[in-house]
Amino acid sequence: MLDVRYIAENLEEVKTALANRSGVYDPDKVARLYNRKREILKEVEVMKATRNKESEQIAIKKKQKLDATEDIKRMKELGDKIKNLDEELATIEPELKEAVLSVPNIPHPSVPVGKEETDNVEIRKFSQPTTFDFEPKPHWEIGEKLGIIDAATGGKIAGARFTVMKGLGARLERSVYNFMLNTHTEAGYEEIFPPFMVNRESMYGTGQLPKFEEDAFSVKNNGFFLIPTAEVPVTNMLRGDIVDGETLPLKYCAYTACFRAEAGSAGRDTRGLIRQHQFNKVELVEFCKPEDSLDELEKLTASAENILKLLKLPYRVVALCTGDIGFSSAKTFDIEVWMPSYNRYVEISSCSDFMDYQARRMNIKYRENGKTAFVHTLNGSGLAVGRTVAAIIENYQQADGSVKVPDALVEYMGCEYIGK
RNA sequence: GGAGAGAUGGUUGAGCGGUCGAAGGCACACGCUUGGAAAGCGUGCGUACGUGAAAGCGUACCGGGGGUUCGAAUCCCCCUCUCUCCGCCA
């Protein structure tokens, strides 16, 4: 969330900065409620100061066995007034909180201005779209034929958007995330294996709640949520903490399964591994000092890109425009891998700098030279495993229906081809 | 799931309804001392909001929420979490 006071005191500036954002939010309401809260606080704090002082006097009188009934009566009246004001505060505060939580992050000035996906800007490209001297097939057909992707059984035992990976398919899945974790830990990210379920507070912390509750799966008998991304448990590890500035940046990588209801995606990407209710992902999460965050975003994006480079998969990096960046993000790069069956680039990672937006919401600070300040948080997929597997199968497919194993994965797979 | 115990600052650990934002120890920071260190001594050491140029001052916070009271870390109620024992389980 943004700083409430900043919104109230720089209302026009905030509105201008958010002008190119999509969504509904009401900074005016934030300012109005904040100003009212301030008025009440001013009034009630003076009253409380009086009460505290006089109550002390009552204590002294009582100790001296003097009569204090008059003072007690006065304080009782004051107490009622305080109670009334406190009650008004108690109604304003949740409203204010809700209002400020609904205001999205301010895009960084370097973010391209635009309304939608088509206004995103390609930043760089690695390699060229794969060419074939035969008619390439989509990964779900290749996978089914090789007996490594079984959508039908997934549907039988769970439902639509669930898949069973078998044999070398299951091994490919495992190889890919092991390869990712090894690569990232060698690059200095600390490996985390978090819970796949989290409590409600954690979902609020990273912003999945309250706005996007329908996108998440929840567990009926205890109120937990299945994590939609490792960002949720890993970022929340530091919720409410003040860390020593010298430990920054803190860089984590985590493999988890991810669970998404995919509400509102009916009919989209119904075949293959692109859009599942459960998928594997390796996530990169970082906490750093404010002055470093834009550089760190570049590095984090490079770390994610490195996986595709090592796998020799063609990709491009896109800077999302103001209308397309996520709600909490100040700046986002998407990494898109070439997917022959789609005949276009498909998102495989989204790397975002949230600045202090998440940190303020989660109250994560660092201390340096005796002062505390909010950290900056960043995260990015490094990468989505299912989509990587799909991209490997499609880009490495051979004329005979087999799939060549990328050089970087041969040692993990223990073979050079799937289906030979 | 059953029974019991507990939750206080970075940590440990006191705290009779009143001068308690909270003793003491440890850790940490600075200074003195020293050739240098250790020890010793001294000083400092929570967060947020508000106000102020600053020092400071005000308010709130002792797991979370509610209540009693002129006044709550302390009393009452609800919730959450942790620990011990039992059961079950990987």
# chains A, B, ... in the order shown; residues from 1 in each chain; ligands from 1
$ interface_residues --of "chain B" --to "chain A" --cutoff "8 Å" --atoms "only C-alpha atoms (C1' of nucleotides)" --output "VMD selection string"
chain B and resid 18 to 19 50 58 to 59 70 to 71
$ write_last_selection --atoms "N, CA and C atoms (P, O5', C5', C4', C3', O3' and C1' of nucleotides)" --output "PDB file, in the first residue's frame"
ATOM      1  P     G B  18      -1.149  -1.245  41.326  1.00  0.00           P
ATOM      2  O5'   G B  18      -1.179   0.280  40.875  1.00  0.00           O
ATOM      3  C5'   G B  18      -1.003   0.595  39.502  1.00  0.00           C
ATOM      4  C4'   G B  18      -0.988   2.088  39.293  1.00  0.00           C
ATOM      5  C3'   G B  18       0.019   2.847  40.147  1.00  0.00           C
ATOM      6  O3'   G B  18       0.568   3.869  39.346  1.00  0.00           O
ATOM      7  C1'   G B  18      -2.142   3.681  40.570  1.00  0.00           C
ATOM      8  P     U B  19       1.675   3.723  38.320  1.00  0.00           P
ATOM      9  O5'   U B  19       2.048   5.252  38.247  1.00  0.00           O
ATOM     10  C5'   U B  19       2.910   5.731  37.230  1.00  0.00           C
ATOM     11  C4'   U B  19       3.967   6.593  37.856  1.00  0.00           C
ATOM     12  C3'   U B  19       5.065   5.812  38.594  1.00  0.00           C
ATOM     13  O3'   U B  19       6.019   5.345  37.671  1.00  0.00           O
ATOM     14  C1'   U B  19       4.417   7.730  39.822  1.00  0.00           C
ATOM     15  P     G B  50       2.122  11.290  11.342  1.00  0.00           P
ATOM     16  O5'   G B  50       1.767  12.292  12.524  1.00  0.00           O
ATOM     17  C5'   G B  50       0.437  12.716  12.708  1.00  0.00           C
ATOM     18  C4'   G B  50       0.305  13.479  13.994  1.00  0.00           C
ATOM     19  C3'   G B  50       1.183  14.710  14.124  1.00  0.00           C
ATOM     20  O3'   G B  50       0.669  15.813  13.414  1.00  0.00           O
ATOM     21  C1'   G B  50       1.238  13.472  16.135  1.00  0.00           C
ATOM     22  P     G B  58       4.773  14.204  28.194  1.00  0.00           P
ATOM     23  O5'   G B  58       3.579  14.067  27.153  1.00  0.00           O
ATOM     24  C5'   G B  58       2.500  14.978  27.189  1.00  0.00           C
ATOM     25  C4'   G B  58       1.580  14.727  26.030  1.00  0.00           C
ATOM     26  C3'   G B  58       1.106  13.287  25.874  1.00  0.00           C
ATOM     27  O3'   G B  58       0.067  12.966  26.772  1.00  0.00           O
ATOM     28  C1'   G B  58       1.776  14.119  23.779  1.00  0.00           C
ATOM     29  P     U B  59      -0.051  11.489  27.342  1.00  0.00           P
ATOM     30  O5'   U B  59      -0.595  10.692  26.081  1.00  0.00           O
ATOM     31  C5'   U B  59      -1.874  10.990  25.552  1.00  0.00           C
ATOM     32  C4'   U B  59      -2.122  10.183  24.303  1.00  0.00           C
ATOM     33  C3'   U B  59      -1.887   8.687  24.454  1.00  0.00           C
ATOM     34  O3'   U B  59      -2.971   8.037  25.080  1.00  0.00           O
ATOM     35  C1'   U B  59      -0.868   9.447  22.465  1.00  0.00           C
ATOM     36  P     C B  70     -15.509   4.356  37.305  1.00  0.00           P
ATOM     37  O5'   C B  70     -14.272   5.188  36.770  1.00  0.00           O
ATOM     38  C5'   C B  70     -14.474   6.428  36.087  1.00  0.00           C
ATOM     39  C4'   C B  70     -13.164   7.169  35.993  1.00  0.00           C
ATOM     40  C3'   C B  70     -11.986   6.317  35.544  1.00  0.00           C
ATOM     41  O3'   C B  70     -11.923   6.206  34.141  1.00  0.00           O
ATOM     42  C1'   C B  70     -11.376   7.572  37.455  1.00  0.00           C
ATOM     43  P     G B  71     -11.631   4.781  33.494  1.00  0.00           P
ATOM     44  O5'   G B  71     -10.130   4.524  33.937  1.00  0.00           O
ATOM     45  C5'   G B  71      -9.093   5.309  33.372  1.00  0.00           C
ATOM     46  C4'   G B  71      -7.784   4.995  34.016  1.00  0.00           C
ATOM     47  C3'   G B  71      -7.364   3.535  33.961  1.00  0.00           C
ATOM     48  O3'   G B  71      -6.778   3.221  32.710  1.00  0.00           O
ATOM     49  C1'   G B  71      -7.028   4.358  36.143  1.00  0.00           C
TER      50        G B  71
END
$ select_by_dssp --residues "stretch 128-201 of chain A" --states "strand (DSSP E)" --output "list in words"
Ile149, Asp150, Val164, Met165, Glu190, Glu191, Ile192, Met197 and Val198 of chain A
$ select_by_dssp --residues "stretch 206-273 of chain A" --states "helix (DSSP H, G or I)" --output "count of residues only"
12
$ atom_distance --atom1 "atom C1' of B:G64" --atom2 "atom CA of A:Arg360"
20.3 Å
$ residues_around --residues "A:Trp140" --least-positions-apart "6" --cutoff "10 Å" --atoms "only C-alpha atoms (C1' of nucleotides)" --output "NGL selection string"
:A and (146 or 148-151 or 271-274 or 341 or 390 or 393-394)
$ residues_around --residues "stretch 279-293 of chain A" --least-positions-apart "2" --cutoff "6 Å" --atoms "only C-alpha atoms (C1' of nucleotides)" --output "number ranges by chain"
A: 248-258, 295-296, 375-385
$ residues_around --residues "B:G25" --least-positions-apart "3" --cutoff "12 Å" --atoms "only C-alpha atoms (C1' of nucleotides)" --output "list in words"
U11, U12, G13 and A14 of chain B
$ residues_around --residues "A:Val30" --least-positions-apart "3" --cutoff "6 Å" --atoms "only C-alpha atoms (C1' of nucleotides)" --output "ChimeraX atom specification"
/A:27,33-34,96,99-100
$ write_last_selection --atoms "C-alpha atoms" --output "compact mmCIF listing (two decimals), in the first residue's frame"
# COMPACT_ATOMS: atom_id res chain seq x y z
CA PRO A 27 -7.60 8.43 -3.43
CA LEU A 33 -10.93 9.76 5.90
CA TYR A 34 -7.34 10.47 6.82
CA LEU A 96 -9.49 4.06 5.62
CA ALA A 99 -9.61 2.60 0.81
CA VAL A 100 -5.83 2.80 0.89
$ closest_residue --among "B:U74, B:U69, B:U47, B:U84" --to "B:C20" --atoms "only C-alpha atoms (C1' of nucleotides)"
B:U74
$ residues_around --residues "B:C78" --least-positions-apart "6" --cutoff "12 Å" --atoms "only C-alpha atoms (C1' of nucleotides)" --output "PyMOL selection string"
chain B and resi 64-67
$ atom_distance --atom1 "atom CA of A:Leu310" --atom2 "atom CA of A:Tyr345"
17.9 Å
